[in-house]
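Asks: Please find coords.pdb (PDB, C-alpha atoms, pLDDT in the B column) on the next line:
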```pdb
ATOM      1  CA  MET A   1      11.515   2.152  -3.321  1.00 53.00           C
ATOM      2  CA  SER A   2      14.534   4.397  -3.347  1.00 64.00           C
ATOM      3  CA  ASN A   3      14.092   8.131  -3.301  1.00 72.00           C
ATOM      4  CA  ASN A   4      15.481   8.213  -6.833  1.00 88.00           C
ATOM      5  CA  SER A   5      12.891   5.715  -8.087  1.00 89.00           C
ATOM      6  CA  LEU A   6      10.105   7.605  -6.366  1.00 88.00           C
ATOM      7  CA  GLU A   7      11.283  10.946  -7.746  1.00 91.00           C
ATOM      8  CA  THR A   8      11.535   9.437 -11.232  1.00 92.00           C
ATOM      9  CA  LEU A   9       8.011   7.996 -11.044  1.00 91.00           C
ATOM     10  CA  ILE A  10       6.600  11.301  -9.798  1.00 90.00           C
ATOM     11  CA  ALA A  11       8.384  13.136 -12.617  1.00 92.00           C
ATOM     12  CA  VAL A  12       7.081  10.679 -15.230  1.00 92.00           C
ATOM     13  CA  GLU A  13       3.559  10.962 -13.828  1.00 91.00           C
ATOM     14  CA  THR A  14       3.745  14.765 -13.781  1.00 90.00           C
ATOM     15  CA  ASN A  15       5.121  14.814 -17.332  1.00 92.00           C
ATOM     16  CA  ALA A  16       2.252  12.585 -18.496  1.00 92.00           C
ATOM     17  CA  ARG A  17      -0.280  14.932 -16.882  1.00 90.00           C
ATOM     18  CA  ASP A  18       1.397  17.983 -18.430  1.00 92.00           C
ATOM     19  CA  PHE A  19       1.186  16.246 -21.800  1.00 95.00           C
ATOM     20  CA  GLY A  20      -2.560  15.753 -21.284  1.00 93.00           C
ATOM     21  CA  PHE A  21      -2.478  12.038 -20.434  1.00 93.00           C
ATOM     22  CA  GLU A  22      -4.323  12.190 -17.157  1.00 91.00           C
ATOM     23  CA  TRP A  23      -7.166  10.664 -15.260  1.00 94.00           C
ATOM     24  CA  GLN A  24     -10.577  12.353 -15.382  1.00 94.00           C
ATOM     25  CA  ASN A  25     -11.513  11.571 -11.784  1.00 96.00           C
ATOM     26  CA  ARG A  26     -10.500   9.652  -8.677  1.00 97.00           C
ATOM     27  CA  GLU A  27     -12.965   6.839  -9.336  1.00 98.00           C
ATOM     28  CA  MET A  28     -11.157   5.924 -12.546  1.00 97.00           C
ATOM     29  CA  ILE A  29      -7.874   5.594 -10.662  1.00 97.00           C
ATOM     30  CA  ILE A  30      -9.499   3.525  -7.932  1.00 98.00           C
ATOM     31  CA  ASN A  31     -10.967   1.224 -10.601  1.00 98.00           C
ATOM     32  CA  GLN A  32      -7.504   0.932 -12.147  1.00 97.00           C
ATOM     33  CA  ALA A  33      -6.034  -0.014  -8.748  1.00 98.00           C
ATOM     34  CA  ILE A  34      -8.726  -2.678  -8.317  1.00 98.00           C
ATOM     35  CA  SER A  35      -7.934  -3.986 -11.795  1.00 98.00           C
ATOM     36  CA  GLU A  36      -4.236  -4.147 -10.899  1.00 98.00           C
ATOM     37  CA  CYS A  37      -5.096  -6.159  -7.763  1.00 98.00           C
ATOM     38  CA  GLU A  38      -7.027  -8.593  -9.926  1.00 98.00           C
ATOM     39  CA  GLU A  39      -4.059  -8.879 -12.287  1.00 98.00           C
ATOM     40  CA  ILE A  40      -1.747  -9.608  -9.348  1.00 98.00           C
ATOM     41  CA  ARG A  41      -4.119 -12.315  -8.108  1.00 98.00           C
ATOM     42  CA  GLU A  42      -4.338 -13.823 -11.591  1.00 98.00           C
ATOM     43  CA  ALA A  43      -0.548 -13.819 -12.028  1.00 98.00           C
ATOM     44  CA  ILE A  44      -0.148 -15.573  -8.674  1.00 98.00           C
ATOM     45  CA  HIS A  45      -2.850 -18.145  -9.445  1.00 98.00           C
ATOM     46  CA  LYS A  46      -1.272 -18.852 -12.833  1.00 98.00           C
ATOM     47  CA  GLN A  47       2.084 -19.210 -11.066  1.00 98.00           C
ATOM     48  CA  GLU A  48       3.669 -16.673 -13.363  1.00 98.00           C
ATOM     49  CA  THR A  49       7.271 -15.666 -12.845  1.00 98.00           C
ATOM     50  CA  ASP A  50       8.337 -13.518  -9.918  1.00 98.00           C
ATOM     51  CA  ALA A  51       9.291 -10.811 -12.427  1.00 98.00           C
ATOM     52  CA  ARG A  52       5.748 -10.795 -13.823  1.00 97.00           C
ATOM     53  CA  ILE A  53       4.159 -10.648 -10.365  1.00 97.00           C
ATOM     54  CA  GLN A  54       6.548  -7.870  -9.349  1.00 97.00           C
ATOM     55  CA  GLU A  55       5.589  -5.949 -12.487  1.00 97.00           C
ATOM     56  CA  GLU A  56       1.902  -6.185 -11.577  1.00 97.00           C
ATOM     57  CA  ILE A  57       2.617  -5.042  -8.012  1.00 97.00           C
ATOM     58  CA  GLY A  58       4.531  -2.128  -9.522  1.00 96.00           C
ATOM     59  CA  ASP A  59       1.465  -1.239 -11.574  1.00 96.00           C
ATOM     60  CA  LEU A  60      -0.576  -1.175  -8.357  1.00 97.00           C
ATOM     61  CA  LEU A  61       1.984   1.098  -6.692  1.00 95.00           C
ATOM     62  CA  HIS A  62       1.855   3.366  -9.731  1.00 94.00           C
ATOM     63  CA  ALA A  63      -1.936   3.568  -9.505  1.00 96.00           C
ATOM     64  CA  ALA A  64      -1.695   4.482  -5.808  1.00 96.00           C
ATOM     65  CA  ILE A  65       0.869   7.175  -6.558  1.00 95.00           C
ATOM     66  CA  SER A  66      -1.289   8.462  -9.411  1.00 95.00           C
ATOM     67  CA  LEU A  67      -4.237   8.760  -7.036  1.00 96.00           C
ATOM     68  CA  CYS A  68      -2.097  10.584  -4.506  1.00 95.00           C
ATOM     69  CA  ILE A  69      -0.894  13.092  -7.107  1.00 94.00           C
ATOM     70  CA  PHE A  70      -4.361  13.491  -8.652  1.00 94.00           C
ATOM     71  CA  ALA A  71      -5.817  14.220  -5.214  1.00 96.00           C
ATOM     72  CA  GLY A  72      -3.154  16.874  -4.670  1.00 95.00           C
ATOM     73  CA  TYR A  73      -1.195  15.121  -1.931  1.00 96.00           C
ATOM     74  CA  ASP A  74       2.572  15.117  -1.646  1.00 95.00           C
ATOM     75  CA  VAL A  75       3.617  11.530  -2.355  1.00 95.00           C
ATOM     76  CA  GLU A  76       6.673  11.510  -0.087  1.00 94.00           C
ATOM     77  CA  GLN A  77       4.738  13.084   2.780  1.00 96.00           C
ATOM     78  CA  THR A  78       1.973  10.516   2.311  1.00 97.00           C
ATOM     79  CA  LEU A  79       4.503   7.668   2.433  1.00 95.00           C
ATOM     80  CA  GLU A  80       6.096   9.148   5.547  1.00 96.00           C
ATOM     81  CA  LYS A  81       2.695   9.396   7.236  1.00 97.00           C
ATOM     82  CA  ILE A  82       1.759   5.797   6.470  1.00 96.00           C
ATOM     83  CA  SER A  83       5.177   4.565   7.602  1.00 96.00           C
ATOM     84  CA  THR A  84       4.743   6.346  10.920  1.00 97.00           C
ATOM     85  CA  LYS A  85       1.159   5.127  11.253  1.00 96.00           C
ATOM     86  CA  PHE A  86       2.127   1.512  10.577  1.00 97.00           C
ATOM     87  CA  ALA A  87       5.131   1.685  12.935  1.00 97.00           C
ATOM     88  CA  ASN A  88       2.905   3.076  15.699  1.00 97.00           C
ATOM     89  CA  ARG A  89       0.313   0.374  15.132  1.00 96.00           C
ATOM     90  CA  MET A  90       2.970  -2.330  15.195  1.00 97.00           C
ATOM     91  CA  SER A  91       4.326  -0.943  18.456  1.00 97.00           C
ATOM     92  CA  ALA A  92       0.834  -1.027  19.968  1.00 96.00           C
ATOM     93  CA  LEU A  93       0.289  -4.537  18.565  1.00 97.00           C
ATOM     94  CA  LYS A  94       3.478  -5.756  20.227  1.00 97.00           C
ATOM     95  CA  LYS A  95       2.345  -4.294  23.565  1.00 96.00           C
ATOM     96  CA  ILE A  96      -1.053  -5.991  23.307  1.00 95.00           C
ATOM     97  CA  THR A  97       0.628  -9.253  22.331  1.00 96.00           C
ATOM     98  CA  GLN A  98       2.967  -9.077  25.330  1.00 96.00           C
ATOM     99  CA  ALA A  99       0.053  -8.212  27.633  1.00 95.00           C
ATOM    100  CA  ARG A 100      -1.547 -11.476  26.515  1.00 95.00           C
ATOM    101  CA  GLY A 101       1.575 -13.382  27.485  1.00 96.00           C
ATOM    102  CA  LEU A 102       2.968 -13.874  23.983  1.00 96.00           C
ATOM    103  CA  THR A 103       6.417 -12.882  22.777  1.00 96.00           C
ATOM    104  CA  ASN A 104       5.355 -12.701  19.114  1.00 95.00           C
ATOM    105  CA  LEU A 105       2.555 -13.763  16.778  1.00 96.00           C
ATOM    106  CA  LYS A 106       4.357 -16.601  15.000  1.00 97.00           C
ATOM    107  CA  GLY A 107       2.065 -19.605  14.678  1.00 96.00           C
ATOM    108  CA  GLN A 108      -1.072 -17.650  15.542  1.00 96.00           C
ATOM    109  CA  THR A 109      -4.148 -17.793  13.332  1.00 97.00           C
ATOM    110  CA  MET A 110      -4.919 -14.954  10.977  1.00 97.00           C
ATOM    111  CA  GLU A 111      -8.238 -14.565  12.792  1.00 97.00           C
ATOM    112  CA  PHE A 112      -6.436 -13.933  16.076  1.00 96.00           C
ATOM    113  CA  MET A 113      -3.974 -11.506  14.476  1.00 96.00           C
ATOM    114  CA  LEU A 114      -6.768  -9.535  12.832  1.00 97.00           C
ATOM    115  CA  GLU A 115      -8.637  -9.442  16.133  1.00 96.00           C
ATOM    116  CA  LEU A 116      -5.587  -7.853  17.761  1.00 97.00           C
ATOM    117  CA  TRP A 117      -5.147  -5.486  14.819  1.00 96.00           C
ATOM    118  CA  ASP A 118      -8.756  -4.353  15.171  1.00 96.00           C
ATOM    119  CA  GLU A 119      -8.108  -3.771  18.871  1.00 96.00           C
ATOM    120  CA  VAL A 120      -5.150  -1.556  17.990  1.00 96.00           C
ATOM    121  CA  LYS A 121      -7.271   0.440  15.537  1.00 95.00           C
ATOM    122  CA  LYS A 122     -10.054   0.884  18.115  1.00 95.00           C
ATOM    123  CA  ARG A 123      -7.560   2.174  20.667  1.00 93.00           C
ATOM    124  CA  GLU A 124      -6.361   4.750  18.125  1.00 90.00           C
ATOM    125  CA  ALA A 125      -9.844   6.150  17.593  1.00 86.00           C
TER     126      ALA A 125
END
```
Now that the file is in, can you turn its structure into structure tokens?
Replies:
Amino acid sequence: MSNNSLETLIAVETNARDFGFEWQNREMIINQAISECEEIREAIHKQETDARIQEEIGDLLHAAISLCIFAGYDVEQTLEKISTKFANRMSALKKITQARGLTNLKGQTMEFMLELWDEVKKREA
């Protein structure tokens, strides 16, 4: 998402809230995000077009941004924090992978990858 797109979405969301079109509580936004996930799954299962699936993913991103704004968090700061967090976890994951004698995780089972991911999260705590 370009900075321009993000700024536009934040402005549209803020304008909607100023107009009175806003969520009543966080739970409603979370339920909307869950609904968007279900719509993404359905679009994929129905083998809808890439444009349609992308639209549904966009709706999920919008719900997440709405929750961020509703909760009073700076959207850009939140995105920066998660980018840093994910980059740090990936760095740790690569170190664990190398310590186990692997150069990458290509061809590994999802179970194994999630096991390593959980190990990274435990080391963080």
Asks: Using Å and a single decimal, report how far atom CA of Ala33 of chain A sits from atom CA of Leu60 of chain A.
Replies: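 Atom CA of Leu60 of chain A sits 5.6 Å away from atom CA of Ala33 of chain A.
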Asks: Can you tell me which residues surround Glu124 of chain A at a distance of at most 10 Å, considering all atoms listed in the file, apart from same-chain residues fewer than 2 positions away, and format the answer as number ranges by chain?
Replies: A: 88-89, 92, 118-122
Asks: Could you take the residues named above and write them with C-alpha atoms, as a tab-separated table (two decimals), in the coordinates of the input?
Replies:
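Output below, filename selection.tsv:
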```
chain	number	residue	atom	x	y	z
A	88	ASN	CA	2.90	3.08	15.70
A	89	ARG	CA	0.31	0.37	15.13
A	92	ALA	CA	0.83	-1.03	19.97
A	118	ASP	CA	-8.76	-4.35	15.17
A	119	GLU	CA	-8.11	-3.77	18.87
A	120	VAL	CA	-5.15	-1.56	17.99
A	121	LYS	CA	-7.27	0.44	15.54
A	122	LYS	CA	-10.05	0.88	18.11
```
Asks: When the PyMOL selection byres ((chain A and resi 40) around 9) is applied to the file above, which residues end up in the set, as an MDAnalysis selection string?
Replies: chainID A and resid 35:39 41:45 52:57 60
Asks: Which residues come within 10 Å of segment 14-24 of chain A, counting all atoms listed in the file, excluding same-chain residues fewer than 5 positions away, as a list of chain:residue names?
Replies: A:Thr8, A:Leu9, A:Ile29, A:Ser66, A:Leu67, A:Ile69, A:Phe70
Asks: Name all residues at most 12 Å from Arg100 of chain A (count all atoms listed in the file; drop same-chain ones fewer than 5 positions away) and give them as a VMD selection string.
Replies: chain A and resid 93 to 95 105 112 116
Asks: Would you mind telling me which residue in A:Phe86, A:Glu76, A:Trp117, A:Ile96 lies nearest to Glu7 of chain A when using all atoms listed in the file?
Replies: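 So, comparing all the options, the nearest one is A:Glu76.
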Asks: Taking the structure in the block just given, could you write segment 11-26 of chain A with C-alpha atoms, as a PDB file, in the first residue's frame?
Replies:
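Below is the file part.pdb, written as the result:
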```pdb
ATOM      1  CA  ALA A  11      -8.921  10.440   5.319  1.00  0.00           C
ATOM      2  CA  VAL A  12     -11.999   8.624   3.983  1.00  0.00           C
ATOM      3  CA  GLU A  13     -12.380   6.734   7.259  1.00  0.00           C
ATOM      4  CA  THR A  14     -11.996   9.928   9.295  1.00  0.00           C
ATOM      5  CA  ASN A  15     -14.487  11.741   7.056  1.00  0.00           C
ATOM      6  CA  ALA A  16     -16.999   8.909   7.524  1.00  0.00           C
ATOM      7  CA  ARG A  17     -16.594   9.119  11.307  1.00  0.00           C
ATOM      8  CA  ASP A  18     -16.974  12.910  11.247  1.00  0.00           C
ATOM      9  CA  PHE A  19     -20.164  12.442   9.241  1.00  0.00           C
ATOM     10  CA  GLY A  20     -21.485  10.087  11.934  1.00  0.00           C
ATOM     11  CA  PHE A  21     -20.947   6.811  10.062  1.00  0.00           C
ATOM     12  CA  GLU A  22     -18.903   5.025  12.669  1.00  0.00           C
ATOM     13  CA  TRP A  23     -18.654   1.819  14.585  1.00  0.00           C
ATOM     14  CA  GLN A  24     -20.234   1.615  18.043  1.00  0.00           C
ATOM     15  CA  ASN A  25     -17.547  -0.603  19.556  1.00  0.00           C
ATOM     16  CA  ARG A  26     -14.463  -2.671  18.796  1.00  0.00           C
TER      17      ARG A  26
END
```
